[in-house]
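final_7.txt (compact mmCIF, C-alpha atoms)
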# COMPACT_ATOMS: atom_id res chain seq x y z
CA MET A 1123 104.14 134.39 113.30
CA LYS A 1124 106.84 134.99 115.82
CA THR A 1125 105.55 136.22 119.17
CA LYS A 1126 107.52 139.45 119.13
CA ASN A 1127 106.37 140.23 115.60
CA LEU A 1128 102.78 139.70 116.76
CA LEU A 1129 103.23 142.38 119.38
CA LEU A 1130 105.02 144.66 116.94
CA SER A 1131 102.35 144.37 114.27
CA GLY A 1132 99.68 145.05 116.88
CA LEU A 1133 101.23 148.43 117.58
CA LEU A 1134 101.08 149.55 113.96
CA MET A 1135 97.91 151.55 113.43
CA THR A 1136 97.36 151.37 109.73
CA GLY A 1137 95.01 148.74 108.29
CA MET A 1138 94.12 147.05 105.08
CA ALA A 1139 91.03 147.93 103.05
CA LEU A 1140 89.43 144.82 101.58
CA SER A 1141 88.47 145.31 97.93
CA PHE A 1142 87.33 142.98 95.22
CA THR A 1143 86.81 145.29 92.22
CA SER A 1144 88.55 148.25 90.69
CA CYS A 1145 87.45 151.38 88.88
CA ASP A 1146 89.36 150.04 85.90
CA PRO A 1147 87.28 147.27 84.24
CA LYS A 1148 90.47 145.59 83.07
CA LYS A 1149 91.41 144.94 86.71
CA GLU A 1150 88.06 143.61 87.85
CA GLN A 1151 88.20 140.16 89.36
CA PRO A 1152 85.73 137.44 88.40
CA ALA A 1153 82.82 137.02 90.78
CA THR A 1154 83.43 133.28 91.06
CA PRO A 1155 87.03 132.44 90.11
CA VAL A 1156 87.72 128.87 89.10
CA ILE A 1157 90.16 127.10 91.40
CA THR A 1158 92.57 125.11 89.25
CA THR A 1159 96.32 124.79 89.58
CA GLY A 1160 97.51 127.67 91.69
CA THR A 1161 98.45 128.84 95.14
CA TYR A 1162 96.66 130.06 98.22
CA VAL A 1163 98.42 132.63 100.39
CA LEU A 1164 97.26 133.06 103.97
CA ASN A 1165 97.73 136.67 104.99
CA GLU A 1166 98.10 137.24 108.70
CA GLY A 1167 96.68 140.77 108.74
CA SER A 1168 97.33 143.26 111.53
CA TRP A 1169 96.80 142.30 115.13
CA MET A 1170 93.27 143.14 116.37
CA LYS A 1171 92.30 144.60 112.97
CA ASN A 1172 90.20 141.58 111.89
CA ASN A 1173 91.78 141.72 108.44
CA ALA A 1174 93.35 138.31 107.90
CA SER A 1175 92.69 137.19 104.32
CA LEU A 1176 93.27 134.44 101.78
CA THR A 1177 94.74 135.36 98.40
CA TYR A 1178 94.35 132.94 95.50
CA TYR A 1179 96.84 133.16 92.64
CA ASP A 1180 96.06 131.36 89.38
CA LEU A 1181 99.32 130.13 87.87
CA THR A 1182 97.78 129.71 84.41
CA SER A 1183 96.25 133.17 84.01
CA GLY A 1184 98.68 135.01 86.30
CA THR A 1185 95.83 136.71 88.17
CA ALA A 1186 95.31 137.10 91.91
CA THR A 1187 92.02 137.15 93.81
CA SER A 1188 92.59 139.31 96.86
CA ASP A 1189 90.36 137.43 99.32
CA ILE A 1190 88.86 134.20 98.08
CA PHE A 1191 87.63 133.33 101.59
CA ILE A 1192 85.27 136.27 101.96
CA LEU A 1193 84.14 135.78 98.37
CA LYS A 1194 83.24 132.13 98.95
CA ALA A 1195 82.24 132.13 102.63
CA GLY A 1196 80.51 135.51 102.70
CA LYS A 1197 82.35 136.56 105.85
CA LYS A 1198 85.77 137.69 106.98
CA LEU A 1199 88.43 135.14 107.82
CA GLY A 1200 89.03 136.71 111.24
CA ASP A 1201 91.83 138.17 113.30
CA THR A 1202 95.47 137.13 112.67
CA GLY A 1203 95.82 134.25 110.26
CA GLN A 1204 98.53 132.03 111.71
CA ASP A 1205 98.93 128.84 109.68
CA ALA A 1206 97.41 126.91 106.76
CA LEU A 1207 97.57 123.23 105.85
CA LEU A 1208 96.38 121.20 102.86
CA TYR A 1209 95.42 117.67 103.86
CA GLY A 1210 93.31 115.37 101.74
CA SER A 1211 90.68 117.44 99.96
CA LYS A 1212 90.48 120.14 102.61
CA LEU A 1213 92.31 123.36 103.38
CA TYR A 1214 92.64 124.09 107.12
CA ILE A 1215 93.38 127.63 108.32
CA VAL A 1216 94.40 128.65 111.84
CA VAL A 1217 93.06 132.05 112.88
CA ASN A 1218 94.84 132.73 116.13
CA GLY A 1219 93.19 135.91 117.44
CA SER A 1220 89.71 134.61 116.64
CA SER A 1221 90.67 131.18 118.07
CA THR A 1222 89.16 129.26 115.16
CA ILE A 1223 90.07 126.69 112.53
CA GLN A 1224 88.42 127.54 109.21
CA VAL A 1225 87.89 124.61 106.86
CA MET A 1226 87.44 124.89 103.08
CA ASP A 1227 87.29 122.52 100.15
CA ALA A 1228 90.70 123.04 98.57
CA LYS A 1229 89.72 122.52 94.92
CA SER A 1230 86.60 124.71 94.96
CA ALA A 1231 87.32 127.07 97.89
CA VAL A 1232 83.81 126.33 99.14
CA PHE A 1233 83.51 127.03 102.87
CA ILE A 1234 82.86 123.90 104.98
CA LYS A 1235 83.04 124.76 108.68
CA SER A 1236 84.36 127.14 111.32
CA ILE A 1237 85.65 125.27 114.38
CA ALA A 1238 85.86 127.22 117.63
CA MET A 1239 88.99 126.27 119.54
CA THR A 1240 88.36 126.53 123.27
CA THR A 1241 89.57 125.20 126.60
CA SER A 1242 87.52 122.87 128.80
CA THR A 1243 86.08 125.96 130.49
CA GLY A 1244 85.07 127.60 127.22
CA GLU A 1245 87.89 130.12 126.94
CA ALA A 1246 89.88 130.74 123.76
CA SER A 1247 92.75 128.26 123.42
CA SER A 1248 94.57 130.38 120.78
CA PRO A 1249 95.66 127.89 118.09
CA ARG A 1250 99.05 128.46 116.46
CA ASN A 1251 100.40 125.82 114.07
CA MET A 1252 99.39 122.50 112.52
CA ALA A 1253 100.70 119.14 111.36
CA ALA A 1254 98.78 116.22 109.79
CA TYR A 1255 99.18 112.49 110.41
CA ASN A 1256 97.01 109.38 110.05
CA GLY A 1257 93.73 111.19 109.47
CA ASN A 1258 94.24 113.76 112.21
CA ILE A 1259 95.28 117.40 112.34
CA TYR A 1260 97.45 118.24 115.35
CA ILE A 1261 97.29 121.84 116.53
CA SER A 1262 99.62 123.64 118.94
CA GLN A 1263 97.77 126.12 121.14
CA PHE A 1264 98.97 129.04 123.21
CA ASP A 1265 97.07 127.77 126.25
CA GLY A 1266 99.87 125.20 126.57
CA THR A 1267 98.20 122.25 124.84
CA VAL A 1268 98.23 120.30 121.60
CA ALA A 1269 94.80 119.38 120.22
CA CYS A 1270 93.91 116.44 117.96
CA LEU A 1271 91.28 117.22 115.30
CA ASP A 1272 89.61 114.31 113.51
CA THR A 1273 89.42 115.13 109.78
CA THR A 1274 86.21 113.14 109.24
CA SER A 1275 84.09 114.52 112.07
CA LEU A 1276 85.95 117.86 112.17
CA ALA A 1277 85.81 117.67 115.95
CA VAL A 1278 88.57 117.88 118.55
CA THR A 1279 88.86 114.42 120.07
CA LYS A 1280 91.59 114.95 122.66
CA THR A 1281 94.24 117.34 123.95
CA VAL A 1282 97.54 116.93 125.74
CA LYS A 1283 99.32 119.39 128.01
CA VAL A 1284 102.79 120.43 126.88
CA GLY A 1285 104.64 123.60 127.91
CA PRO A 1286 103.87 127.33 127.79
CA ASN A 1287 103.02 128.89 124.40
CA PRO A 1288 103.82 126.06 121.96
CA GLU A 1289 104.51 127.16 118.38
CA GLY A 1290 105.93 125.08 115.49
CA ILE A 1291 104.81 121.48 115.17
CA ALA A 1292 105.95 118.66 112.86
CA ILE A 1293 105.68 114.91 112.37
CA ALA A 1294 108.89 112.86 112.29
CA ASN A 1295 109.48 109.16 112.94
CA GLY A 1296 105.76 108.71 113.70
CA LYS A 1297 105.91 111.22 116.55
CA LEU A 1298 104.95 114.84 117.10
CA TYR A 1299 107.65 117.40 117.77
CA VAL A 1300 106.43 120.67 119.27
CA ALA A 1301 108.48 123.82 119.86
CA ILE A 1302 107.76 125.22 123.33
CA SER A 1303 108.50 128.94 123.14
CA GLY A 1304 107.23 130.26 126.46
CA GLY A 1305 106.92 133.42 124.40
CA LEU A 1306 104.57 135.23 126.77
CA ASN A 1307 106.59 134.39 129.88
CA PRO A 1308 109.16 136.72 131.46
CA VAL A 1309 111.77 134.07 130.60
CA ASN A 1310 111.22 132.06 127.42
CA ASP A 1311 111.25 128.27 127.31
CA SER A 1312 113.97 126.29 125.52
CA THR A 1313 112.52 122.86 124.79
CA VAL A 1314 110.86 120.70 122.16
CA SER A 1315 108.22 118.27 123.40
CA VAL A 1316 108.03 114.83 121.77
CA ILE A 1317 104.53 113.34 121.75
CA ASN A 1318 103.64 109.69 121.17
CA THR A 1319 100.75 109.81 118.66
CA SER A 1320 99.33 106.46 119.78
CA SER A 1321 99.07 107.18 123.50
CA PHE A 1322 98.95 110.96 122.95
CA THR A 1323 101.30 111.57 125.83
CA VAL A 1324 104.54 113.52 126.11
CA GLU A 1325 107.47 111.10 125.99
CA LYS A 1326 110.25 113.60 126.62
CA ASN A 1327 111.38 117.20 126.37
CA ILE A 1328 114.53 118.10 124.48
CA VAL A 1329 116.52 121.24 125.28
CA VAL A 1330 117.34 123.04 122.01
CA GLY A 1331 117.90 126.70 122.85
CA LEU A 1332 116.08 129.78 124.06
CA ASN A 1333 112.66 130.57 122.56
CA PRO A 1334 112.19 127.82 119.93
CA ILE A 1335 109.52 128.79 117.40
CA ASN A 1336 109.86 127.44 113.85
CA LEU A 1337 110.19 123.70 113.44
CA VAL A 1338 110.34 121.39 110.39
CA ALA A 1339 111.19 117.76 109.65
CA ASP A 1340 113.09 116.48 106.60
CA ALA A 1341 112.58 113.32 104.54
CA SER A 1342 115.00 111.37 106.76
CA GLY A 1343 113.24 112.12 110.04
CA ASN A 1344 115.62 114.84 111.21
CA VAL A 1345 113.99 117.79 112.96
CA PHE A 1346 115.25 121.36 112.66
CA VAL A 1347 114.32 124.13 115.07
CA VAL A 1348 114.86 127.88 114.96
CA ALA A 1349 115.51 129.08 118.50
CA MET A 1350 114.91 132.82 118.31
CA GLY A 1351 116.82 133.76 121.46
CA ASP A 1352 115.87 136.90 123.38
CA TYR A 1353 115.93 139.37 120.44
CA ALA A 1354 118.86 141.12 122.13
CA LYS A 1355 121.90 139.33 123.53
CA VAL A 1356 120.98 135.75 122.60
CA LEU A 1357 120.88 135.57 118.79
CA PRO A 1358 118.73 133.18 116.71
CA SER A 1359 120.17 129.77 115.92
CA VAL A 1360 119.22 126.57 114.08
CA VAL A 1361 119.38 123.29 115.99
CA LYS A 1362 119.18 119.80 114.51
CA ILE A 1363 117.61 116.85 116.33
CA ASP A 1364 119.03 113.77 114.59
CA GLY A 1365 116.20 111.42 113.64
CA ALA A 1366 118.28 108.28 114.08
CA THR A 1367 120.27 109.02 117.24
CA GLY A 1368 118.36 111.85 118.91
CA SER A 1369 121.58 113.81 119.26
CA ILE A 1370 121.52 117.61 119.23
CA SER A 1371 123.77 119.79 117.09
CA LYS A 1372 123.87 123.46 116.15
CA LEU A 1373 124.12 124.49 112.51
CA SER A 1374 126.62 127.10 111.34
CA VAL A 1375 123.91 129.52 110.24
CA ALA A 1376 123.62 132.93 111.90
CA ASN A 1377 120.54 135.14 112.28
CA ALA A 1378 118.06 132.47 111.19
CA ARG A 1379 114.45 133.66 111.07
CA ASP A 1380 112.48 131.14 109.05
CA ILE A 1381 113.02 127.63 107.71
CA THR A 1382 111.39 125.20 105.34
CA VAL A 1383 112.41 121.85 103.92
CA ASP A 1384 112.12 120.03 100.61
CA GLY A 1385 113.24 116.43 100.81
CA ASN A 1386 116.69 116.67 102.38
CA ASN A 1387 117.26 120.30 101.45
CA LEU A 1388 116.86 122.74 104.31
CA PHE A 1389 116.23 126.36 103.35
CA VAL A 1390 117.02 128.99 106.00
CA MET A 1391 116.02 132.65 105.66
CA THR A 1392 118.46 134.84 107.57
CA TYR A 1393 118.58 138.57 108.24
CA SER A 1394 119.21 141.11 110.96
CA TYR A 1395 117.47 144.37 111.80
CA GLY A 1396 118.86 147.77 110.83
CA ALA A 1397 117.52 151.28 111.26
CA ASN A 1398 113.76 151.64 111.81
CA SER A 1399 113.48 147.88 112.43
CA GLN A 1400 114.02 147.14 108.72
CA ALA A 1401 115.46 143.78 107.70
CA VAL A 1402 119.02 143.97 106.36
CA ASN A 1403 121.60 141.43 105.16
CA LYS A 1404 118.85 139.16 103.83
CA LYS A 1405 120.08 135.75 102.67
CA LEU A 1406 118.51 132.43 101.77
CA VAL A 1407 120.92 129.72 102.91
CA LEU A 1408 120.71 126.16 101.61
CA VAL A 1409 121.80 123.30 103.88
CA ASN A 1410 122.15 119.56 103.27
CA SER A 1411 119.93 118.31 106.08
CA GLN A 1412 121.67 114.96 106.36
CA THR A 1413 125.24 116.25 106.65
CA SER A 1414 124.38 119.75 107.99
CA ALA A 1415 126.80 121.18 105.42
CA ILE A 1416 125.97 124.54 103.85
CA THR A 1417 125.66 124.04 100.08
CA SER A 1418 124.87 127.69 99.27
CA ASN A 1419 125.44 130.76 101.43
CA SER A 1420 122.94 132.77 99.39
CA VAL A 1421 120.56 131.20 96.90
CA LEU A 1422 119.17 134.66 96.06
CA ALA A 1423 120.80 137.96 95.20
CA SER A 1424 121.13 140.18 98.29
CA ASP A 1425 118.62 142.74 96.99
CA SER A 1426 115.99 140.21 95.83
CA ILE A 1427 113.54 140.96 98.66
CA VAL A 1428 112.83 144.64 99.25
CA LYS A 1429 111.09 144.59 102.64
CA THR A 1430 111.05 142.12 105.52
CA PRO A 1431 110.74 138.43 104.50
CA TYR A 1432 107.74 136.94 106.30
CA CYS A 1433 107.10 133.49 104.85
CA LEU A 1434 109.16 130.87 103.07
CA ASP A 1435 107.72 127.89 101.20
CA ILE A 1436 108.83 125.53 98.41
CA ASN A 1437 106.51 124.22 95.70
CA PRO A 1438 106.98 120.44 96.03
CA ILE A 1439 106.38 119.83 92.30
CA THR A 1440 108.19 122.70 90.54
CA LYS A 1441 110.71 123.36 93.36
CA ASP A 1442 110.00 127.08 92.98
CA ILE A 1443 110.80 129.19 96.03
CA TYR A 1444 108.04 131.44 97.38
CA ILE A 1445 108.92 134.29 99.76
CA GLY A 1446 106.36 136.76 101.07
CA GLU A 1447 107.38 140.20 102.33
CA THR A 1448 105.71 142.55 104.81
CA ASP A 1449 105.77 146.01 106.31
CA TYR A 1450 103.15 144.83 108.87
CA SER A 1451 100.49 147.38 107.85
CA THR A 1452 99.90 147.53 104.08
CA ASN A 1453 99.41 144.87 101.43
CA GLY A 1454 102.41 142.60 101.00
CA LYS A 1455 104.06 140.97 98.01
CA MET A 1456 104.79 137.37 97.10
CA TYR A 1457 107.98 136.60 95.16
CA CYS A 1458 108.39 133.40 93.17
CA PHE A 1459 111.95 132.30 92.29
CA ASP A 1460 113.02 129.20 90.44
CA LYS A 1461 115.27 126.72 92.24
CA ALA A 1462 118.35 128.54 90.93
CA GLY A 1463 117.20 131.78 92.55
CA LYS A 1464 116.01 133.58 89.40
CA LEU A 1465 112.87 135.71 89.85
CA LYS A 1466 109.90 134.34 87.87
CA PHE A 1467 107.04 136.59 88.96
CA THR A 1468 105.50 138.53 91.85
CA PHE A 1469 101.94 139.29 92.93
CA GLU A 1470 100.22 141.39 95.57
CA THR A 1471 98.93 139.73 98.73
CA GLY A 1472 97.12 140.93 101.81
CA VAL A 1473 98.85 142.28 104.91
CA SER A 1474 101.77 140.08 106.03
CA PRO A 1475 101.69 136.94 103.84
CA LYS A 1476 102.24 134.09 106.29
CA LYS A 1477 101.88 130.78 104.46
CA THR A 1478 101.73 129.53 100.86
CA ILE A 1479 99.70 126.46 99.92
CA PHE A 1480 100.21 124.77 96.54
CA LEU A 1481 97.47 123.13 94.47
CA THR A 1482 98.35 120.74 91.67
CA ASN A 1483 96.50 118.46 89.27
CA LYS A 1484 98.61 115.51 90.40
What do you get writing this file as structure tokens?
Amino acid sequence: MKTKNLLLSGLLMTGMALSFTSCDPKKEQPATPVITTGTYVLNEGSWMKNNASLTYYDLTSGTATSDIFILKAGKKLGDTGQDALLYGSKLYIVVNGSSTIQVMDAKSAVFIKSIAMTTSTGEASSPRNMAAYNGNIYISQFDGTVACLDTTSLAVTKTVKVGPNPEGIAIANGKLYVAISGGLNPVNDSTVSVINTSSFTVEKNIVVGLNPINLVADASGNVFVVAMGDYAKVLPSVVKIDGATGSISKLSVANARDITVDGNNLFVMTYSYGANSQAVNKKLVLVNSQTSAITSNSVLASDSIVKTPYCLDINPITKDIYIGETDYSTNGKMYCFDKAGKLKFTFETGVSPKKTIFLTNK
């Protein structure tokens, strides 16, 4: 979640009521849903409302379970779900406000462990985003560090100091790239830290633009960063770090908010804010990540998403496009489009769907 949106959602006073059954028997959910081929959706919830949740959508039956985590673990997920990652057989979930990593078995949704993320003095380190590489999960943390979590022991083995309020994190060319937002500082940061995974030290810092937050890497080792600017005079931009040369270039995409990548296709969600802070001029732009050329100025029809787009993910097998929308206070909606931009289906999520994870039988 972007830092400013975190503060905005914390000011909204309405909450989400967790419910697992309905007065209508036809809408009752099974007590123990079978996890097959489907999707998990991490819902951020509202700041300080302790209502983050995990929706499971079964692609075969077309049914959604509103909070599979509380059903399987017997407890709430926590405050502000921030990121989710499927690696090996496990699903890892960052819960920022609660400063935990929740670990589940991906195929059964059985709860495995809750890992408290703390500083050396026992204070909350506030985890943000994750990337996986060589048996480790790397976690950016708002205390200004990146932590290394061993996936066998499920213990943090080491940390490295980066810059203030790191956000997006990705693996490219065997190295970690971390967006340093400085989002809680009077003046935001403007760099990406490059970390050597062997020595676990910062090799260099690359200037990309004010307030970098979202960060992804393509199949060729290029890294793309959304620099959000100052939400006023400095507008959001997308910057490319060339994987081969290290050169920096700015893409011709305005008002970028979110990005994701599939192979060498870069998808950029763009919009601006109109009256009452509502998203307007919503477009999904497709870019060739190798040439930086725009191949489609709008994959979707302009009215495809009703409210504010909040997450953007691509199913790596079907190439379907998943976009979650939010109003920051009530249950959201997930849209699924095919690769041509045609709507296939929608389903209800929890408050502010933040990340979609895809399960397959392959």
Could you check which residues have any atom within 12 Å of (124.7, 119.6, 105.4), counting all atoms listed in the file with coordinates taken straight from the file, and then list them as a PDB file with C-alpha atoms, in the coordinates of the input?
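Wrote result.pdb, looks like this:
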ATOM      1  CA  ASN A1344     115.620 114.840 111.210  1.00  0.00           C
ATOM      2  CA  LYS A1362     119.180 119.800 114.510  1.00  0.00           C
ATOM      3  CA  SER A1371     123.770 119.790 117.090  1.00  0.00           C
ATOM      4  CA  LYS A1372     123.870 123.460 116.150  1.00  0.00           C
ATOM      5  CA  LEU A1373     124.120 124.490 112.510  1.00  0.00           C
ATOM      6  CA  SER A1374     126.620 127.100 111.340  1.00  0.00           C
ATOM      7  CA  VAL A1375     123.910 129.520 110.240  1.00  0.00           C
ATOM      8  CA  ASN A1386     116.690 116.670 102.380  1.00  0.00           C
ATOM      9  CA  ASN A1387     117.260 120.300 101.450  1.00  0.00           C
ATOM     10  CA  LEU A1388     116.860 122.740 104.310  1.00  0.00           C
ATOM     11  CA  PHE A1389     116.230 126.360 103.350  1.00  0.00           C
ATOM     12  CA  VAL A1407     120.920 129.720 102.910  1.00  0.00           C
ATOM     13  CA  LEU A1408     120.710 126.160 101.610  1.00  0.00           C
ATOM     14  CA  VAL A1409     121.800 123.300 103.880  1.00  0.00           C
ATOM     15  CA  ASN A1410     122.150 119.560 103.270  1.00  0.00           C
ATOM     16  CA  SER A1411     119.930 118.310 106.080  1.00  0.00           C
ATOM     17  CA  GLN A1412     121.670 114.960 106.360  1.00  0.00           C
ATOM     18  CA  THR A1413     125.240 116.250 106.650  1.00  0.00           C
ATOM     19  CA  SER A1414     124.380 119.750 107.990  1.00  0.00           C
ATOM     20  CA  ALA A1415     126.800 121.180 105.420  1.00  0.00           C
ATOM     21  CA  ILE A1416     125.970 124.540 103.850  1.00  0.00           C
ATOM     22  CA  THR A1417     125.660 124.040 100.080  1.00  0.00           C
ATOM     23  CA  SER A1418     124.870 127.690  99.270  1.00  0.00           C
ATOM     24  CA  ASN A1419     125.440 130.760 101.430  1.00  0.00           C
TER      25      ASN A1419
END
Got a sec: who's within 8 Å of region 1251-1265 of chain A, counting all atoms listed in the file, leaving out chain neighbours fewer than 5 positions off, as a VMD selection string?
-> chain A and resid 1204 to 1207 1209 1216 1241 1270 to 1274 1286 to 1293 1300
For CA of Met1226 (chain A) and CA of Asn1172 (chain A), the interatomic separation in Å (one decimal) | 19.1 Å
Please, what distance in Å, to one decimal, runs between CA of Thr1440 (chain A) and CA of Thr1468 (chain A)?
->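 Answer for the CA of Thr1440 (chain A) to CA of Thr1468 (chain A) separation: 16.1 Å.
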Excluding same-chain residues fewer than 6 positions from Ser1359 (chain A), what lies within 12 Å of it counting only C-alpha atoms, as a PyMOL selection string?
-> chain A and resi 1312+1330-1337+1346-1353+1371-1381+1390-1393
Nearest to Ile1223 (chain A), chosen from A:Pro1475, A:Gly1454, A:Gly1368, A:Gly1200, with all atoms listed in the file counted in the distances |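 Of A:Pro1475, A:Gly1454, A:Gly1368, A:Gly1200, the one nearest Ile1223 (chain A) is A:Gly1200, counting all atoms listed in the file.
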Interatomic distance between CA of Leu1176 (chain A) and CA of Gly1385 (chain A)?
->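 It comes out at 26.9 Å.
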Smallest atom-to-atom distance to Cys1458 (chain A): which of A:Ser1394, A:Leu1181, A:Glu1166, A:Glu1325, using all atoms listed in the file?
->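 Among A:Ser1394, A:Leu1181, A:Glu1166, A:Glu1325, it is A:Leu1181 that comes nearest to Cys1458 (chain A).
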Surrounding residues of Lys1476 (chain A) excluding itself and chain neighbours under 4 positions, 8 Å, all atoms listed in the file, as JSON, numbers by chain | {"A": [1123, 1163, 1164, 1165, 1166, 1203, 1204, 1205, 1432, 1433, 1446]}
Do a neighbour search on Gln1400 (chain A) at 9 Å with all atoms listed in the file, toss out local chain neighbours closer than 2 positions, and write the hits as a list in words.
->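 Contacts, in chain order: Ser1394, Tyr1395, Gly1396, Ala1397, Asn1398, Val1402, Lys1429, Thr1430 and Asp1449 of chain A.
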Name the closest residue to Asp1189 (chain A) among the candidates A:Val1428, A:Ala1354, A:Val1473, A:Val1329; distances are taken between atoms, counting all atoms listed in the file.
->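 Selected residue with least distance to Asp1189 (chain A): A:Val1473.
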So, counting all atoms listed in the file, which residue among A:Leu1193, A:Val1268, A:Val1356, A:Ala1174 is closest to Gly1285 (chain A)?
->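 Distance minimum relative to Gly1285 (chain A) lands on A:Val1268.
Each of A:Pro1431, A:Pro1438, A:Gly1266, A:Gly1210 was checked against Lys1455 (chain A) using all atoms listed in the file; the smallest atom-to-atom distance is that of A:Pro1431.
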Using all atoms listed in the file, what residues lie at most 6 Å away from (98.5, 124.4, 100.9) (file coordinates), given as a ChimeraX atom specification?
-> /A:1207-1208,1479-1480
Would you compute an axis-aligned box for region 1280-1291 of chain A, covering every atom listed for it in the file with 4 Å of margin on each side, and report centre and edge lengths in Å to one decimal as JSON?
{"center_x": 98.8, "center_y": 121.9, "center_z": 121.6, "size_x": 22.3, "size_y": 21.9, "size_z": 20.8}
